[in-house]
Amino acid sequence: MKILIIEDEPEMLENMRQTLEREHYTVETASDYKTASTKIGVYDYDCVLLDITLPDGNGLELLKQLKQLSKDDGVIIVSAKDSLDDRIKGLNLGADDYLPKPFHMAELHARVKAIVRRRSFDGNKLIEIGNVSINPESRSVHINEKEVTLNRKEYDVLLYMISNKTRLVTKTALAEHVWGDHIDQADSFDFIYSQIKNLRKKLTDATATIEIEAVYGVGYKLQVV
């Protein structure tokens, strides 16, 4: 799952990033309004952690931008401004949650998990499609009740495809979502092809009733067979 942290305090930003990366999230960051505005305009995220007070703008304006773009990114306002008015404004603008500073990183992680689960998987702790079940808490995958071992990127690709099971996923969207900022360092999509190939083989070997179908020249789509 892909997270964007918008936070201008360097130490807080780094602590949040490290905490979420340890939980295997793909994390991107922005420390000012301009950078954050560019990122939310170009990319999609499962959850945005949004500080209200930024050096060059108000975080609530970024929340308005998300809604104007009809983005469905989950938003948790993370701010020292914990007045009732700010909280109400944020929630009325479409934020999903409000976490006042200071907070424990364990609480941040719990809030993020709840948002992602509610928005991507209808609140279910266990995701099931065909004879495949995924437990996001343990990052485990079972097919016909037998565990199948996936590497980190194979798991991320599978989870992203399942969360978009009714959609055609472009190669660019898949790369950006699973690899995050590091996609800029790649000069081809060969790394995606490799992960998809390996994942397909593991699904086939385990007789999964889902398959990832290639749509020539565009991307991929998940099918139940």
# chains A, B, ... in the order shown; residues from 1 in each chain; ligands from 1
$ residues_around --residues "region 25-33 of chain A" --least-positions-apart "3" --cutoff "7 Å" --atoms "only C-alpha atoms" --output "PyMOL selection string"
chain A and resi 1-8+17+20-21+36-37+54-57+178-181
$ residues_around --residues "region 199-202 of chain A" --least-positions-apart "5" --cutoff "12 Å" --atoms "only C-alpha atoms" --output "ChimeraX atom specification"
/A:141-143,147-159,161,192-194,207-214,220,222-223
$ residues_around --residues "Tyr98 (chain A)" --least-positions-apart "5" --cutoff "7 Å" --atoms "only C-alpha atoms" --output "PyMOL selection string"
chain A and resi 76-78+87
$ closest_residue --among "A:Asp73, A:His109, A:Gly59, A:Ala95" --to "Gln18 (chain A)" --atoms "only C-alpha atoms"
A:His109
$ select_by_dssp --residues "region 3-222 of chain A" --states "strand (DSSP E)" --output "PyMOL selection string"
chain A and resi 3-6+26-30+47-50+53-54+57-58+74-79+97-100+127-129+132-135+140-143+146-148+169-170+210-215+219-222
$ atom_distance --atom1 "CA of Pro10 (chain A)" --atom2 "CA of Asn58 (chain A)"
17.7 Å
